[in-house]
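Peer 1: Data: coords_10.tsv, TSV, C-alpha atoms.
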```tsv
chain	number	residue	atom	x	y	z
A	1	MET	CA	-114.10	-171.30	-29.42
A	2	SER	CA	-110.44	-170.77	-28.65
A	3	ILE	CA	-108.72	-172.24	-25.61
A	4	SER	CA	-105.14	-172.24	-24.42
A	5	VAL	CA	-102.63	-174.90	-25.47
A	6	VAL	CA	-102.28	-176.08	-21.87
A	7	THR	CA	-106.04	-176.68	-21.65
A	8	LEU	CA	-105.91	-178.41	-25.04
A	9	GLU	CA	-103.19	-180.70	-23.70
A	10	ARG	CA	-105.31	-181.66	-20.71
A	11	LEU	CA	-108.45	-182.56	-22.71
A	12	PRO	CA	-107.19	-185.96	-23.97
A	13	LYS	CA	-106.29	-186.83	-20.38
A	14	TYR	CA	-109.87	-186.14	-19.27
A	15	LEU	CA	-111.10	-188.17	-22.20
A	16	ARG	CA	-108.89	-191.10	-21.24
A	17	ILE	CA	-110.13	-191.40	-17.68
A	18	LEU	CA	-113.75	-190.71	-18.68
A	19	LYS	CA	-113.54	-193.63	-21.11
A	20	GLU	CA	-112.11	-195.84	-18.38
A	21	MET	CA	-115.14	-194.85	-16.25
A	22	GLN	CA	-117.47	-195.59	-19.17
A	23	LEU	CA	-116.01	-199.11	-19.41
A	24	GLU	CA	-116.66	-199.55	-15.68
A	25	ASN	CA	-120.31	-198.44	-16.23
A	26	ILE	CA	-119.89	-195.30	-14.15
A	27	ASN	CA	-122.60	-192.86	-15.28
A	28	ASN	CA	-121.81	-189.70	-13.32
A	29	VAL	CA	-118.62	-188.09	-12.16
A	30	SER	CA	-117.69	-184.92	-10.30
A	31	SER	CA	-114.93	-182.58	-11.45
A	32	THR	CA	-113.33	-183.17	-8.05
A	33	SER	CA	-112.98	-186.92	-8.69
A	34	ILE	CA	-111.53	-186.25	-12.14
A	35	ALA	CA	-109.08	-183.81	-10.58
A	36	MET	CA	-108.07	-186.30	-7.89
A	37	GLU	CA	-107.64	-189.09	-10.41
A	38	LEU	CA	-105.24	-186.98	-12.49
A	39	GLY	CA	-103.57	-185.04	-9.70
A	40	PHE	CA	-104.90	-181.74	-11.11
A	41	ASN	CA	-106.35	-178.68	-9.38
A	42	PRO	CA	-110.17	-179.13	-9.11
A	43	ILE	CA	-110.82	-175.47	-9.98
A	44	GLN	CA	-108.73	-175.87	-13.13
A	45	VAL	CA	-110.64	-179.01	-14.10
A	46	ARG	CA	-114.00	-177.28	-13.62
A	47	LYS	CA	-112.81	-174.34	-15.76
A	48	ASP	CA	-111.43	-176.61	-18.51
A	49	LEU	CA	-114.63	-178.66	-18.72
A	50	ALA	CA	-116.81	-175.55	-18.74
A	51	SER	CA	-114.88	-174.21	-21.71
A	52	VAL	CA	-115.62	-177.24	-23.90
A	53	SER	CA	-118.91	-178.63	-22.63
A	54	LYS	CA	-122.39	-177.28	-22.08
A	55	CYS	CA	-122.93	-179.98	-19.47
A	56	ASP	CA	-122.80	-178.66	-15.94
A	57	GLY	CA	-121.48	-180.65	-13.04
A	58	LYS	CA	-124.50	-180.45	-10.75
A	59	PRO	CA	-123.70	-180.54	-7.03
A	60	GLY	CA	-124.29	-184.05	-5.70
A	61	VAL	CA	-124.80	-185.46	-9.23
A	62	GLY	CA	-121.81	-184.32	-11.27
A	63	PHE	CA	-121.30	-184.66	-15.00
A	64	VAL	CA	-122.92	-187.32	-17.18
A	65	VAL	CA	-119.89	-189.32	-18.34
A	66	ASN	CA	-121.24	-190.11	-21.83
A	67	ASP	CA	-122.22	-186.49	-22.54
A	68	LEU	CA	-118.88	-185.17	-21.39
A	69	ILE	CA	-117.06	-187.69	-23.63
A	70	ASN	CA	-119.13	-186.57	-26.62
A	71	ASP	CA	-118.50	-182.90	-25.95
A	72	ILE	CA	-114.72	-183.32	-25.59
A	73	GLU	CA	-114.54	-185.52	-28.71
A	74	GLU	CA	-116.51	-182.97	-30.65
A	75	PHE	CA	-114.32	-180.15	-29.41
A	76	LEU	CA	-111.15	-182.07	-30.31
A	77	ASN	CA	-112.63	-182.89	-33.69
A	78	ILE	CA	-111.98	-186.61	-33.17
A	79	ASN	CA	-115.61	-187.69	-33.40
A	80	LYS	CA	-115.12	-188.02	-37.14
A	81	ALA	CA	-113.11	-190.87	-38.63
A	82	LYS	CA	-109.60	-189.81	-39.63
A	83	ASP	CA	-107.26	-192.07	-41.58
A	84	ILE	CA	-103.53	-191.56	-41.17
A	85	ILE	CA	-100.49	-193.04	-42.89
A	86	VAL	CA	-96.95	-193.67	-41.66
A	87	ILE	CA	-93.84	-193.27	-43.80
A	88	GLY	CA	-91.13	-195.68	-42.68
A	89	ALA	CA	-92.10	-199.16	-41.54
A	90	GLY	CA	-89.22	-199.67	-39.12
A	91	ARG	CA	-89.70	-200.42	-35.42
A	92	LEU	CA	-91.09	-196.99	-34.55
A	93	GLY	CA	-93.36	-196.88	-37.62
A	94	GLN	CA	-94.76	-200.31	-36.83
A	95	ALA	CA	-95.17	-199.39	-33.16
A	96	LEU	CA	-97.25	-196.36	-34.16
A	97	MET	CA	-99.27	-198.46	-36.63
A	98	ASN	CA	-100.20	-200.75	-33.77
A	99	TYR	CA	-100.36	-198.19	-30.96
A	100	PRO	CA	-103.43	-199.05	-28.87
A	101	GLY	CA	-103.81	-195.60	-27.34
A	102	PHE	CA	-105.15	-193.56	-30.29
A	103	GLU	CA	-108.80	-192.62	-30.09
A	104	ASN	CA	-110.85	-195.25	-31.85
A	105	LYS	CA	-111.84	-193.06	-34.77
A	106	ILE	CA	-108.23	-192.23	-35.60
A	107	ARG	CA	-106.80	-195.14	-37.56
A	108	VAL	CA	-103.32	-195.64	-38.90
A	109	VAL	CA	-104.40	-197.33	-42.13
A	110	GLY	CA	-101.11	-197.95	-43.86
A	111	ALA	CA	-97.36	-197.58	-43.86
A	112	PHE	CA	-95.01	-196.91	-46.77
A	113	ASP	CA	-91.42	-198.04	-47.07
A	114	CYS	CA	-88.76	-198.07	-49.78
A	115	ASP	CA	-87.61	-201.51	-48.58
A	116	MET	CA	-89.73	-203.86	-50.73
A	117	SER	CA	-89.05	-206.79	-48.38
A	118	LYS	CA	-91.14	-205.00	-45.71
A	119	CYS	CA	-94.13	-204.47	-48.02
A	120	ASP	CA	-97.08	-206.85	-47.81
A	121	ASN	CA	-99.47	-204.65	-49.84
A	122	LYS	CA	-102.02	-205.13	-47.08
A	123	ARG	CA	-100.85	-202.56	-44.56
A	124	ILE	CA	-97.30	-201.87	-45.75
A	125	TYR	CA	-96.91	-200.51	-49.27
A	126	PRO	CA	-93.98	-199.51	-51.51
A	127	MET	CA	-93.12	-195.80	-51.60
A	128	ASP	CA	-93.97	-195.49	-55.29
A	129	SER	CA	-97.63	-196.19	-54.56
A	130	LEU	CA	-97.79	-193.27	-52.07
A	131	LYS	CA	-99.30	-190.60	-54.31
A	132	LYS	CA	-102.06	-192.81	-55.65
A	133	TYR	CA	-102.94	-194.08	-52.17
A	134	VAL	CA	-103.08	-190.60	-50.64
A	135	GLN	CA	-105.30	-189.31	-53.43
A	136	ASN	CA	-107.61	-192.34	-53.65
A	137	ASN	CA	-108.16	-192.40	-49.89
A	138	ASN	CA	-108.23	-188.64	-49.20
A	139	ILE	CA	-105.42	-188.90	-46.67
A	140	GLU	CA	-104.41	-185.57	-45.13
A	141	VAL	CA	-102.27	-186.62	-42.18
A	142	ALA	CA	-98.92	-188.46	-42.27
A	143	ILE	CA	-96.39	-189.56	-39.67
A	144	ILE	CA	-92.69	-189.61	-40.62
A	145	THR	CA	-90.47	-192.26	-39.00
A	146	VAL	CA	-87.74	-192.58	-41.64
A	147	PRO	CA	-84.00	-192.03	-40.93
A	148	LYS	CA	-83.13	-188.35	-40.53
A	149	ASP	CA	-81.01	-188.14	-43.69
A	150	VAL	CA	-84.00	-188.82	-45.92
A	151	ALA	CA	-86.69	-187.15	-43.80
A	152	GLN	CA	-86.77	-183.75	-45.56
A	153	GLY	CA	-87.06	-185.47	-48.96
A	154	VAL	CA	-89.95	-187.62	-47.71
A	155	CYS	CA	-91.57	-184.53	-46.19
A	156	ASP	CA	-91.37	-182.64	-49.51
A	157	GLU	CA	-92.85	-185.64	-51.35
A	158	LEU	CA	-95.75	-185.89	-48.88
A	159	ILE	CA	-96.60	-182.25	-49.45
A	160	LYS	CA	-96.53	-182.77	-53.21
A	161	CYS	CA	-99.00	-185.64	-52.74
A	162	GLY	CA	-101.40	-183.32	-50.90
A	163	ILE	CA	-100.66	-184.11	-47.24
A	164	LYS	CA	-101.67	-181.18	-45.00
A	165	VAL	CA	-100.55	-182.29	-41.53
A	166	ILE	CA	-97.21	-183.94	-40.69
A	167	TRP	CA	-96.07	-185.49	-37.41
A	168	ASN	CA	-92.31	-185.94	-37.64
A	169	PHE	CA	-90.46	-188.41	-35.40
A	170	ALA	CA	-87.17	-188.28	-37.34
A	171	PRO	CA	-84.61	-186.48	-35.17
A	172	VAL	CA	-84.25	-183.52	-37.49
A	173	HIS	CA	-86.08	-180.20	-37.81
A	174	LEU	CA	-88.15	-180.34	-41.03
A	175	LYS	CA	-89.17	-177.29	-43.01
A	176	VAL	CA	-92.61	-176.97	-44.58
A	177	PRO	CA	-94.54	-174.19	-46.32
A	178	GLU	CA	-96.92	-172.16	-44.14
A	179	SER	CA	-99.97	-173.97	-45.51
A	180	VAL	CA	-98.82	-177.28	-43.95
A	181	LYS	CA	-99.07	-178.04	-40.22
A	182	ILE	CA	-96.08	-179.85	-38.73
A	183	LYS	CA	-95.05	-181.11	-35.33
A	184	ASN	CA	-91.42	-182.06	-34.97
A	185	GLU	CA	-91.73	-184.63	-32.15
A	186	ASP	CA	-88.45	-184.45	-30.35
A	187	LEU	CA	-88.10	-187.48	-28.05
A	188	SER	CA	-84.64	-186.34	-27.06
A	189	ALA	CA	-86.08	-182.99	-25.96
A	190	SER	CA	-88.87	-184.69	-24.01
A	191	LEU	CA	-86.33	-186.77	-22.15
A	192	ALA	CA	-84.05	-183.79	-21.44
A	193	ILE	CA	-87.02	-181.85	-20.07
A	194	LEU	CA	-88.10	-184.77	-17.90
A	195	LEU	CA	-84.59	-185.15	-16.49
A	196	ASN	CA	-84.46	-181.42	-15.70
A	197	SER	CA	-87.96	-180.84	-14.36
A	198	ASN	CA	-88.58	-180.40	-10.65
B	1	MET	CA	-80.73	-170.87	-12.69
B	2	SER	CA	-84.40	-171.30	-13.42
B	3	ILE	CA	-85.90	-170.83	-16.87
B	4	SER	CA	-89.39	-171.31	-18.24
B	5	VAL	CA	-90.60	-174.66	-19.58
B	6	VAL	CA	-91.03	-173.18	-23.06
B	7	THR	CA	-87.38	-172.09	-23.11
B	8	LEU	CA	-86.39	-175.52	-21.79
B	9	GLU	CA	-88.30	-177.10	-24.68
B	10	ARG	CA	-86.42	-174.98	-27.21
B	11	LEU	CA	-82.92	-175.79	-25.90
B	12	PRO	CA	-82.68	-179.30	-27.42
B	13	LYS	CA	-83.75	-177.81	-30.75
B	14	TYR	CA	-80.86	-175.33	-30.61
B	15	LEU	CA	-78.57	-178.19	-29.65
B	16	ARG	CA	-79.70	-180.26	-32.60
B	17	ILE	CA	-78.98	-177.66	-35.26
B	18	LEU	CA	-75.75	-176.55	-33.54
B	19	LYS	CA	-74.55	-180.17	-33.74
B	20	GLU	CA	-75.48	-180.31	-37.40
B	21	MET	CA	-73.36	-177.17	-37.89
B	22	GLN	CA	-70.50	-178.75	-35.93
B	23	LEU	CA	-70.58	-181.74	-38.30
B	24	GLU	CA	-70.38	-179.33	-41.22
B	25	ASN	CA	-67.32	-177.66	-39.60
B	26	ILE	CA	-69.12	-174.35	-39.10
B	27	ASN	CA	-67.31	-172.52	-36.27
B	28	ASN	CA	-69.46	-169.44	-35.71
B	29	VAL	CA	-73.17	-168.77	-35.93
B	30	SER	CA	-75.42	-165.78	-35.31
B	31	SER	CA	-78.62	-166.00	-33.28
B	32	THR	CA	-80.40	-164.70	-36.38
B	33	SER	CA	-79.29	-167.71	-38.46
B	34	ILE	CA	-80.36	-170.09	-35.68
B	35	ALA	CA	-83.73	-168.33	-35.55
B	36	MET	CA	-84.18	-168.55	-39.31
B	37	GLU	CA	-83.20	-172.22	-39.39
B	38	LEU	CA	-85.85	-173.06	-36.78
B	39	GLY	CA	-88.49	-170.53	-37.76
B	40	PHE	CA	-88.23	-168.83	-34.35
B	41	ASN	CA	-88.23	-165.15	-33.38
B	42	PRO	CA	-84.59	-163.90	-33.35
B	43	ILE	CA	-85.16	-161.83	-30.20
B	44	GLN	CA	-86.48	-164.93	-28.46
B	45	VAL	CA	-83.46	-166.95	-29.55
B	46	ARG	CA	-81.03	-164.30	-28.29
B	47	LYS	CA	-82.85	-164.21	-24.94
B	48	ASP	CA	-82.90	-168.02	-24.62
B	49	LEU	CA	-79.19	-168.35	-25.39
B	50	ALA	CA	-78.26	-165.54	-23.01
B	51	SER	CA	-80.09	-167.34	-20.20
B	52	VAL	CA	-78.02	-170.53	-20.51
B	53	SER	CA	-74.68	-169.40	-21.91
B	54	LYS	CA	-72.02	-166.91	-20.94
B	55	CYS	CA	-70.95	-166.75	-24.59
B	56	ASP	CA	-72.06	-163.60	-26.29
B	57	GLY	CA	-73.01	-163.44	-29.93
B	58	LYS	CA	-70.64	-160.71	-31.08
B	59	PRO	CA	-71.91	-158.57	-33.98
B	60	GLY	CA	-70.32	-159.79	-37.19
B	61	VAL	CA	-68.84	-162.87	-35.49
B	62	GLY	CA	-71.70	-164.55	-33.64
B	63	PHE	CA	-71.48	-167.42	-31.19
B	64	VAL	CA	-68.71	-170.03	-31.15
B	65	VAL	CA	-70.63	-173.21	-32.04
B	66	ASN	CA	-68.58	-175.56	-29.81
B	67	ASP	CA	-68.84	-173.30	-26.76
B	68	LEU	CA	-72.58	-172.89	-27.17
B	69	ILE	CA	-73.03	-176.67	-27.46
B	70	ASN	CA	-71.06	-177.20	-24.24
B	71	ASP	CA	-73.06	-174.56	-22.37
B	72	ILE	CA	-76.43	-175.94	-23.44
B	73	GLU	CA	-75.38	-179.53	-22.64
B	74	GLU	CA	-74.15	-178.44	-19.25
B	75	PHE	CA	-77.36	-176.54	-18.58
B	76	LEU	CA	-79.47	-179.54	-19.63
B	77	ASN	CA	-77.32	-181.79	-17.50
B	78	ILE	CA	-76.70	-184.13	-20.45
B	79	ASN	CA	-72.95	-183.73	-20.48
B	80	LYS	CA	-72.73	-186.59	-18.01
B	81	ALA	CA	-73.37	-190.18	-19.06
B	82	LYS	CA	-76.84	-191.40	-18.10
B	83	ASP	CA	-77.93	-195.01	-18.49
B	84	ILE	CA	-81.62	-195.72	-18.97
B	85	ILE	CA	-83.68	-198.92	-19.13
B	86	VAL	CA	-86.91	-199.76	-20.94
B	87	ILE	CA	-89.61	-202.01	-19.51
B	88	GLY	CA	-91.45	-203.82	-22.32
B	89	ALA	CA	-89.46	-205.04	-25.34
B	90	GLY	CA	-92.29	-204.79	-27.87
B	91	ARG	CA	-92.09	-202.67	-31.02
B	92	LEU	CA	-92.14	-199.33	-29.20
B	93	GLY	CA	-89.66	-200.49	-26.56
B	94	GLN	CA	-87.26	-201.74	-29.20
B	95	ALA	CA	-87.73	-198.56	-31.24
B	96	LEU	CA	-86.73	-196.47	-28.19
B	97	MET	CA	-83.77	-198.79	-27.48
B	98	ASN	CA	-82.51	-198.09	-30.97
B	99	TYR	CA	-83.67	-194.46	-31.31
B	100	PRO	CA	-80.82	-192.58	-33.00
B	101	GLY	CA	-81.91	-189.15	-31.79
B	102	PHE	CA	-80.99	-189.29	-28.09
B	103	GLU	CA	-77.96	-187.23	-27.11
B	104	ASN	CA	-74.88	-189.41	-27.26
B	105	LYS	CA	-74.32	-189.55	-23.52
B	106	ILE	CA	-77.83	-190.83	-22.86
B	107	ARG	CA	-77.84	-194.55	-23.54
B	108	VAL	CA	-80.70	-197.00	-23.37
B	109	VAL	CA	-78.66	-199.85	-21.96
B	110	GLY	CA	-81.24	-202.58	-21.57
B	111	ALA	CA	-84.83	-203.68	-21.84
B	112	PHE	CA	-86.84	-205.97	-19.58
B	113	ASP	CA	-89.73	-208.19	-20.62
B	114	CYS	CA	-91.77	-210.93	-19.02
B	115	ASP	CA	-91.79	-212.83	-22.33
B	116	MET	CA	-88.72	-215.05	-22.01
B	117	SER	CA	-88.64	-215.68	-25.77
B	118	LYS	CA	-87.71	-212.00	-26.26
B	119	CYS	CA	-84.81	-212.12	-23.80
B	120	ASP	CA	-81.27	-212.52	-25.10
B	121	ASN	CA	-79.56	-211.55	-21.82
B	122	LYS	CA	-77.41	-209.15	-23.83
B	123	ARG	CA	-79.74	-206.19	-24.12
B	124	ILE	CA	-83.11	-207.77	-23.29
B	125	TYR	CA	-83.46	-209.33	-19.86
B	126	PRO	CA	-86.19	-211.18	-17.97
B	127	MET	CA	-88.29	-209.10	-15.55
B	128	ASP	CA	-87.10	-211.03	-12.51
B	129	SER	CA	-83.58	-209.71	-13.01
B	130	LEU	CA	-84.80	-206.08	-12.89
B	131	LYS	CA	-84.03	-205.25	-9.25
B	132	LYS	CA	-80.50	-206.64	-9.33
B	133	TYR	CA	-79.73	-204.86	-12.64
B	134	VAL	CA	-81.05	-201.50	-11.43
B	135	GLN	CA	-79.05	-201.71	-8.20
B	136	ASN	CA	-75.81	-203.04	-9.74
B	137	ASN	CA	-75.82	-200.40	-12.48
B	138	ASN	CA	-77.16	-197.43	-10.48
B	139	ILE	CA	-80.04	-196.94	-12.91
B	140	GLU	CA	-82.36	-194.07	-11.97
B	141	VAL	CA	-84.40	-193.57	-15.15
B	142	ALA	CA	-86.83	-196.03	-16.77
B	143	ILE	CA	-89.14	-195.93	-19.77
B	144	ILE	CA	-92.42	-197.91	-19.62
B	145	THR	CA	-93.76	-199.37	-22.88
B	146	VAL	CA	-95.81	-202.28	-21.51
B	147	PRO	CA	-99.55	-202.78	-22.20
B	148	LYS	CA	-101.72	-200.39	-20.19
B	149	ASP	CA	-103.30	-203.09	-18.01
B	150	VAL	CA	-99.99	-203.96	-16.41
B	151	ALA	CA	-98.38	-200.49	-16.50
B	152	GLN	CA	-99.27	-199.38	-12.94
B	153	GLY	CA	-97.91	-202.67	-11.54
B	154	VAL	CA	-94.66	-202.24	-13.46
B	155	CYS	CA	-94.46	-198.62	-12.30
B	156	ASP	CA	-94.85	-199.64	-8.64
B	157	GLU	CA	-92.17	-202.30	-9.06
B	158	LEU	CA	-89.75	-199.83	-10.65
B	159	ILE	CA	-90.17	-197.48	-7.70
B	160	LYS	CA	-89.50	-200.35	-5.27
B	161	CYS	CA	-86.27	-201.06	-7.16
B	162	GLY	CA	-85.14	-197.46	-6.66
B	163	ILE	CA	-86.06	-195.81	-9.97
B	164	LYS	CA	-86.46	-192.03	-9.53
B	165	VAL	CA	-87.60	-190.88	-13.00
B	166	ILE	CA	-90.23	-192.59	-15.18
B	167	TRP	CA	-91.19	-191.84	-18.78
B	168	ASN	CA	-94.47	-193.63	-19.44
B	169	PHE	CA	-95.64	-194.45	-22.99
B	170	ALA	CA	-98.45	-196.82	-21.93
B	171	PRO	CA	-101.77	-195.10	-22.70
B	172	VAL	CA	-102.82	-194.81	-19.07
B	173	HIS	CA	-102.25	-192.17	-16.39
B	174	LEU	CA	-99.84	-193.65	-13.82
B	175	LYS	CA	-99.70	-192.57	-10.20
B	176	VAL	CA	-96.42	-192.18	-8.35
B	177	PRO	CA	-95.36	-190.80	-4.96
B	178	GLU	CA	-94.18	-187.18	-4.91
B	179	SER	CA	-90.53	-188.19	-4.66
B	180	VAL	CA	-90.65	-189.78	-8.14
B	181	LYS	CA	-90.67	-187.73	-11.36
B	182	ILE	CA	-93.00	-188.99	-14.07
B	183	LYS	CA	-93.98	-187.93	-17.56
B	184	ASN	CA	-97.05	-189.62	-18.97
B	185	GLU	CA	-96.26	-189.35	-22.69
B	186	ASP	CA	-99.63	-189.21	-24.37
B	187	LEU	CA	-99.20	-189.81	-28.12
B	188	SER	CA	-102.95	-189.62	-28.59
B	189	ALA	CA	-102.96	-186.18	-26.97
B	190	SER	CA	-100.04	-185.03	-29.13
B	191	LEU	CA	-101.92	-186.07	-32.24
B	192	ALA	CA	-105.18	-184.44	-31.12
B	193	ILE	CA	-103.31	-181.19	-30.42
B	194	LEU	CA	-101.57	-181.31	-33.79
B	195	LEU	CA	-104.89	-181.86	-35.60
B	196	ASN	CA	-106.44	-178.93	-33.72
B	197	SER	CA	-103.57	-176.43	-33.85
B	198	ASN	CA	-103.67	-173.44	-36.18
```
Can the structure in the file be given as structure tokens, please?
Peer 2:
Amino acid sequence: MSISVVTLERLPKYLRILKEMQLENINNVSSTSIAMELGFNPIQVRKDLASVSKCDGKPGVGFVVNDLINDIEEFLNINKAKDIIVIGAGRLGQALMNYPGFENKIRVVGAFDCDMSKCDNKRIYPMDSLKKYVQNNNIEVAIITVPKDVAQGVCDELIKCGIKVIWNFAPVHLKVPESVKIKNEDLSASLAILLNSN
Amino acid sequence: MSISVVTLERLPKYLRILKEMQLENINNVSSTSIAMELGFNPIQVRKDLASVSKCDGKPGVGFVVNDLINDIEEFLNINKAKDIIVIGAGRLGQALMNYPGFENKIRVVGAFDCDMSKCDNKRIYPMDSLKKYVQNNNIEVAIITVPKDVAQGVCDELIKCGIKVIWNFAPVHLKVPESVKIKNEDLSASLAILLNSN
């Protein structure tokens, strides 16, 4: 099923508050409460949830929280374990390695750095072990947090190792072949947009 | 002038490669080369640039790089110095304090943390000095990188101190009054979208 990018962007937000409700042992929830919690339009919320879940929010009963969580996770393809690596074990790389907000099945399993003094061979490995690690562990997704001058080189090397999806935090626009998915995460752009939004 | 959010999101990308060209002493550039560099549609690029700049890309000459940079910076309101603070001096907070990709007039001037052992009173200050610092330095923008359990409390305190714009990296949806601008930066959502994009 195909949905719009804006709907796709809202799904993890629904997931987040549904999981908070799950922790508080709330079993049922209405789309109106979800909408209020997030400051969204209730009609939009109902439409979004209908497009990814077969559950229906019965009047007076609402959605079953656990079922809705399962449906969204399945739709987002995050109900299967996914191991990710980070290239660059500086502050940002280590922050992402330890970021508590990723869904529990998405794990940042290791970081790679050319600075041997950072490597502990438990979670931080030397760059020259990258290829072997990626192949032995079937890694397909990598995050780049190296300085911008070396980012394109690292990106090319990742692709040679078999990486299919790259999330780039280096402040430079990286080029990849069409077969590779990339997101150039531009924190500077995010900030500029925030400062200019109404 | 009002432009769409998608155009707004592309402007910092134009700025980035224009600045790279400036460093390489390139004086003129065509919208077609900018489009090729970024993998964008040339017609789109021409339209975007026309909406923010009075420069025109003359056939055979193109845009004057310096003029285009000035126009985009002016449009994005980042030609004036803007000082920003970070609340939470953990790995992510320190990474953002030292992030090399922000435009040069946007400076992260200080971080605040309740852990006194992190405070050096040069760039990292104790939380109880927050209000005085914000007021003395006319700070209007703050980034939140504290653990999610304390994020709403920190957010409320920032608003009491007079902060008008909040960029939240804690994995929780924060609520603010309508007079305050907020972006809940959801890294988990970004990753889910990347994994699901075509």
Peer 1: Given a cut-off of 9 Å, which residues of chain A touch chain B, counting all atoms listed in the file, written out as an MDAnalysis selection string?
Peer 2: chainID A and resid 5 8:13 16:17 37:39 76:78 90:96 98:103 141 147:148 165:167 170:175 181:183 185:198
Peer 1: As a list of chain:residue names, please: the residues near Arg107 (chain B) (cut-off 9 Å, only C-alpha atoms, same-chain neighbours under 2 positions excluded).
Peer 2: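 Returned residues: B:Ala81, B:Lys82, B:Asp83, B:Ile84, B:Ile85, B:Met97, B:Phe102, B:Glu103, B:Asn104, B:Lys105, B:Val109, B:Gly110.
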Peer 1: Taking into account all atoms listed in the file, which residue in the set A:Ser33, A:Asn41, A:Asn70, A:Asn79 is nearest to Lys54 (chain A)?
Peer 2: A:Asn70
Peer 1: Got a sec: who's within 10 Å of Cys55 (chain A), counting only C-alpha atoms, leaving out chain neighbours fewer than 4 positions off, as a PyMOL selection string?
Peer 2: chain A and resi 49-50+62-65+67-68+71
Peer 1: Could you tell me how far CA of Tyr125 (chain B) lies from CA of Ala89 (chain A), in Å and to one decimal?
Peer 2: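 Separation between CA of Tyr125 (chain B) and CA of Ala89 (chain A): 25.5 Å.
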Peer 1: Which one of A:Ala111, A:Gln44, A:Ile69, A:Val146 sits closest to Tyr133 (chain A) if you count only C-alpha atoms?
Peer 2: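 Smallest distance to Tyr133 (chain A) is found for A:Ala111.
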Peer 1: Return the single residue from B:Val150, B:Val61, B:Met21, B:Val6 that is closest to Val45 (chain B), with distances computed using all atoms listed in the file.
Peer 2: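 Ranking B:Val150, B:Val61, B:Met21, B:Val6 by distance to Val45 (chain B), first place goes to B:Val6.
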Peer 1: Quick one, how far is CA of Gln152 (chain A) from CA of Asn168 (chain A)?
Peer 2: 9.9 Å
Peer 1: By how many Å are CA of Asn25 (chain A) and CA of Asp156 (chain B) apart?
Peer 2: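 Rounded to one decimal, the two atoms are 26.6 Å apart.
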Peer 1: For Leu158 (chain A), which of A:Asn138, A:Ile87, A:Pro126, A:Ser30 is the closest residue, counting all atoms listed in the file?
Peer 2: A:Ile87
Peer 1: Each side padded by 3 Å, which centre and which edge lengths in Å (one decimal) define the axis-aligned box around the listed atoms of region 57-69 of chain A? Give them as lines of an AutoDock Vina configuration file.
Peer 2:
```
center_x = -120.9
center_y = -185.3
center_z = -14.7
size_x = 13.7
size_y = 15.7
size_z = 23.9
```
